[in-house]
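This is data-v3.pdb. It holds PDB, C-alpha atoms, pLDDT in the B column.
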```
ATOM      1  CA  MET K   1      65.158 -98.126 -28.956  1.00 88.00           C
ATOM      2  CA  LYS K   2      63.247 -95.848 -26.639  1.00 91.00           C
ATOM      3  CA  THR K   3      65.061 -92.800 -25.273  1.00 91.00           C
ATOM      4  CA  VAL K   4      64.006 -91.578 -21.834  1.00 92.00           C
ATOM      5  CA  ASP K   5      65.322 -88.304 -20.412  1.00 90.00           C
ATOM      6  CA  LEU K   6      65.423 -88.556 -16.620  1.00 89.00           C
ATOM      7  CA  SER K   7      67.329 -85.309 -16.109  1.00 86.00           C
ATOM      8  CA  ALA K   8      64.152 -83.310 -15.493  1.00 84.00           C
ATOM      9  CA  ALA K   9      63.247 -85.303 -12.362  1.00 84.00           C
ATOM     10  CA  ASN K  10      63.180 -83.246  -9.167  1.00 83.00           C
ATOM     11  CA  ASN K  11      65.111 -85.799  -7.094  1.00 86.00           C
ATOM     12  CA  CYS K  12      66.567 -89.317  -7.234  1.00 88.00           C
ATOM     13  CA  ARG K  13      63.356 -90.926  -5.970  1.00 92.00           C
ATOM     14  CA  THR K  14      61.304 -89.356  -8.749  1.00 91.00           C
ATOM     15  CA  MET K  15      63.949 -90.327 -11.286  1.00 91.00           C
ATOM     16  CA  LEU K  16      63.828 -93.976 -10.179  1.00 93.00           C
ATOM     17  CA  ILE K  17      60.033 -94.011 -10.302  1.00 93.00           C
ATOM     18  CA  ASP K  18      60.154 -92.649 -13.870  1.00 93.00           C
ATOM     19  CA  ALA K  19      62.746 -95.277 -14.810  1.00 94.00           C
ATOM     20  CA  GLU K  20      60.631 -98.099 -13.347  1.00 94.00           C
ATOM     21  CA  TYR K  21      57.537 -96.856 -15.166  1.00 95.00           C
ATOM     22  CA  ASN K  22      59.337 -96.802 -18.522  1.00 94.00           C
ATOM     23  CA  MET K  23      60.847-100.241 -17.953  1.00 94.00           C
ATOM     24  CA  ALA K  24      57.408-101.639 -17.101  1.00 94.00           C
ATOM     25  CA  CYS K  25      55.953-100.116 -20.281  1.00 94.00           C
ATOM     26  CA  ILE K  26      58.667-101.665 -22.469  1.00 93.00           C
ATOM     27  CA  LYS K  27      58.275-104.999 -20.703  1.00 93.00           C
ATOM     28  CA  ALA K  28      54.504-104.904 -21.324  1.00 92.00           C
ATOM     29  CA  GLU K  29      55.212-104.308 -25.022  1.00 92.00           C
ATOM     30  CA  GLY K  30      57.335-107.460 -25.156  1.00 91.00           C
ATOM     31  CA  GLY K  31      60.791-106.107 -24.382  1.00 87.00           C
ATOM     32  CA  GLY K  32      63.300-103.897 -26.076  1.00 89.00           C
ATOM     33  CA  LEU K  33      66.061-101.407 -25.428  1.00 91.00           C
ATOM     34  CA  ILE K  34      65.893 -98.218 -23.378  1.00 94.00           C
ATOM     35  CA  LYS K  35      68.426 -95.412 -23.407  1.00 92.00           C
ATOM     36  CA  PHE K  36      68.250 -93.495 -20.135  1.00 92.00           C
ATOM     37  CA  ILE K  37      69.678 -89.980 -20.159  1.00 91.00           C
ATOM     38  CA  HIS K  38      70.468 -88.936 -16.597  1.00 85.00           C
ATOM     39  CA  ALA K  39      72.627 -85.852 -17.072  1.00 76.00           C
ATOM     40  CA  GLY K  40      71.664 -82.518 -15.768  1.00 63.00           C
ATOM     41  CA  GLY K  41      73.035 -79.812 -13.559  1.00 64.00           C
ATOM     42  CA  SER K  42      73.762 -80.315  -9.907  1.00 66.00           C
ATOM     43  CA  GLY K  43      73.684 -83.849  -8.600  1.00 72.00           C
ATOM     44  CA  ALA K  44      74.425 -85.503 -11.947  1.00 77.00           C
ATOM     45  CA  VAL K  45      76.930 -87.920 -10.397  1.00 81.00           C
ATOM     46  CA  THR K  46      74.528 -88.792  -7.585  1.00 83.00           C
ATOM     47  CA  ARG K  47      71.740 -89.433 -10.096  1.00 86.00           C
ATOM     48  CA  ARG K  48      73.974 -91.616 -12.228  1.00 87.00           C
ATOM     49  CA  LYS K  49      75.098 -93.688  -9.242  1.00 90.00           C
ATOM     50  CA  ALA K  50      71.554 -94.061  -7.903  1.00 91.00           C
ATOM     51  CA  LEU K  51      70.151 -95.141 -11.275  1.00 92.00           C
ATOM     52  CA  ARG K  52      72.922 -97.614 -12.016  1.00 92.00           C
ATOM     53  CA  SER K  53      72.730 -99.121  -8.536  1.00 94.00           C
ATOM     54  CA  HIS K  54      68.969 -99.517  -8.975  1.00 94.00           C
ATOM     55  CA  LEU K  55      69.462-101.123 -12.395  1.00 95.00           C
ATOM     56  CA  ARG K  56      72.114-103.541 -11.094  1.00 94.00           C
ATOM     57  CA  ASN K  57      69.639-104.680  -8.442  1.00 95.00           C
ATOM     58  CA  ALA K  58      66.994-105.087 -11.161  1.00 93.00           C
ATOM     59  CA  VAL K  59      69.378-107.324 -13.113  1.00 94.00           C
ATOM     60  CA  ARG K  60      69.964-109.451  -9.998  1.00 94.00           C
ATOM     61  CA  ARG K  61      66.199-109.733  -9.407  1.00 93.00           C
ATOM     62  CA  GLY K  62      65.616-110.659 -13.047  1.00 90.00           C
ATOM     63  CA  ALA K  63      63.457-107.611 -13.713  1.00 90.00           C
ATOM     64  CA  ILE K  64      65.700-106.575 -16.623  1.00 91.00           C
ATOM     65  CA  LYS K  65      68.076-108.607 -18.762  1.00 91.00           C
ATOM     66  CA  GLN K  66      71.158-106.387 -18.852  1.00 90.00           C
ATOM     67  CA  MET K  67      72.456-102.878 -18.501  1.00 93.00           C
ATOM     68  CA  LEU K  68      75.319-101.127 -20.242  1.00 89.00           C
ATOM     69  CA  GLU K  69      76.971 -97.913 -19.083  1.00 90.00           C
ATOM     70  CA  GLY K  70      77.352 -95.271 -21.783  1.00 87.00           C
ATOM     71  CA  GLU K  71      81.079 -94.883 -21.220  1.00 89.00           C
ATOM     72  CA  LYS K  72      81.560 -98.561 -22.145  1.00 87.00           C
ATOM     73  CA  LEU K  73      79.524 -98.369 -25.364  1.00 88.00           C
ATOM     74  CA  SER K  74      82.070 -99.002 -28.109  1.00 86.00           C
ATOM     75  CA  SER K  75      82.915-101.412 -30.878  1.00 84.00           C
ATOM     76  CA  GLU K  76      85.731-102.792 -28.712  1.00 87.00           C
ATOM     77  CA  ASP K  77      83.520-103.750 -25.774  1.00 87.00           C
ATOM     78  CA  ARG K  78      82.174-107.309 -25.848  1.00 89.00           C
ATOM     79  CA  LEU K  79      78.899-106.454 -24.084  1.00 88.00           C
ATOM     80  CA  SER K  80      78.350-103.527 -26.479  1.00 87.00           C
ATOM     81  CA  ARG K  81      78.712-105.843 -29.459  1.00 87.00           C
ATOM     82  CA  TYR K  82      76.278-108.251 -27.802  1.00 88.00           C
ATOM     83  CA  PHE K  83      73.744-105.425 -27.358  1.00 86.00           C
ATOM     84  CA  CYS K  84      74.244-104.443 -31.020  1.00 88.00           C
ATOM     85  CA  ASN K  85      73.488-108.007 -32.135  1.00 88.00           C
ATOM     86  CA  PHE K  86      70.007-107.673 -30.628  1.00 87.00           C
ATOM     87  CA  HIS K  87      69.537-103.989 -31.475  1.00 89.00           C
ATOM     88  CA  PRO K  88      71.533-102.988 -34.587  1.00 89.00           C
ATOM     89  CA  GLU K  89      70.273 -99.402 -34.321  1.00 89.00           C
ATOM     90  CA  LEU K  90      72.511 -99.009 -31.275  1.00 86.00           C
ATOM     91  CA  ALA K  91      75.604 -98.930 -33.501  1.00 84.00           C
ATOM     92  CA  GLU K  92      74.112 -95.840 -35.207  1.00 87.00           C
ATOM     93  CA  ASP K  93      73.463 -94.016 -31.910  1.00 85.00           C
ATOM     94  CA  VAL K  94      75.247 -90.695 -31.414  1.00 86.00           C
ATOM     95  CA  ASP K  95      76.764 -91.998 -28.163  1.00 83.00           C
ATOM     96  CA  PHE K  96      78.352 -95.057 -29.790  1.00 85.00           C
ATOM     97  CA  ASN K  97      82.129 -94.815 -29.179  1.00 85.00           C
ATOM     98  CA  GLY K  98      81.432 -91.526 -27.406  1.00 80.00           C
ATOM     99  CA  LYS K  99      82.257 -92.638 -23.860  1.00 82.00           C
ATOM    100  CA  ASN K 100      79.248 -90.692 -22.560  1.00 84.00           C
ATOM    101  CA  ALA K 101      78.844 -91.255 -18.804  1.00 84.00           C
ATOM    102  CA  ASN K 102      75.480 -89.472 -18.858  1.00 87.00           C
ATOM    103  CA  VAL K 103      73.599 -92.332 -20.532  1.00 89.00           C
ATOM    104  CA  THR K 104      72.784 -95.898 -19.561  1.00 91.00           C
ATOM    105  CA  PHE K 105      71.297 -98.569 -21.810  1.00 92.00           C
ATOM    106  CA  VAL K 106      68.962-101.307 -20.565  1.00 93.00           C
ATOM    107  CA  ARG K 107      67.813-104.490 -22.335  1.00 91.00           C
ATOM    108  CA  ILE K 108      64.392-105.680 -21.261  1.00 90.00           C
TER     109      ILE K 108
END
```

I'd like the structure from this file rewritten - as structure tokens, please.
Amino acid sequence: MKTVDLSAANNCRTMLIDAEYNMACIKAEGGGLIKFIHAGGSGAVTRRKALRSHLRNAVRRGAIKQMLEGEKLSSEDRLSRYFCNFHPELAEDVDFNGKNANVTFVRI
């Protein structure tokens, strides 16, 4: 799993460009899992909404396989268990069962 901290981006546009770049890199390597961290100061909610909206569109376009919001990552969530089947290291992540809204996971 690759962890990408997007919280240092100056604005939402820059954040989305950084996210696209990292997704393209993982796709070029044959796929995998990315953990996007999008917390950070003012505008955190706006950043989270912009990133997740962008990722939902990427799922619809077929650019990425799936996305999982950090607050849903738990042993009780069916999609979380599905992600863990492909990437067992996810169950060992510090945000597992943490209901962290400041992270988003993407399967590529």

Just the residues within 12 Å of Asp18 in chain K, please, counting all atoms listed in the file, with nothing from its chain fewer than 2 positions along; format it as number ranges by chain.
K: 4-16, 20-25, 36-38, 51

What's around Leu55 in chain K at 9 Å? Count only C-alpha atoms, leave out sequence neighbours fewer than 5 positions away in its own chain, and write the answer as a VMD selection string.
chain K and resid 50 60 63 to 64 66 to 67 106

So how many Å separate CA of Thr46 in chain K and CA of Glu89 in chain K, to one decimal?
29.1 Å

Skipping near chain neighbours, those fewer than 5 positions away, what residues fall within 12 Å of Asn100 in chain K using all atoms listed in the file, listed as number ranges by chain?
K: 35-39, 48, 68-74, 93-95, 105

Coordinates-based distance that separates CA of Arg61 in chain K from CA of Lys2 in chain K (Å, one decimal):
22.3 Å

For this structure, which residues satisfy the selection - the PyMOL selection byres ((chain K and resi 86) around 12) - when it is evaluated on the file as given? I want them as a VMD selection string.
chain K and resid 1 31 to 33 66 79 to 85 87 to 91 106 to 108

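The spacing separating CA of Asn102 in chain K from CA of Val45 in chain K amounts to 8.7 Å.
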
Range 60-77 of chain K, all listed atoms, 6 Å padding on each side: what axis-aligned box centre and edge lengths in Å to one decimal come out, as AutoDock Vina command-line options?
```
--center_x 74.6 --center_y -102.8 --center_z -20.1 --size_x 34.3 --size_y 27.8 --size_z 33.5
```

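Considering the residues K:His54, K:Lys99, K:Lys27, K:Lys49 and counting all atoms listed in the file, Glu76 in chain K has its shortest atom-to-atom contact with K:Lys99.
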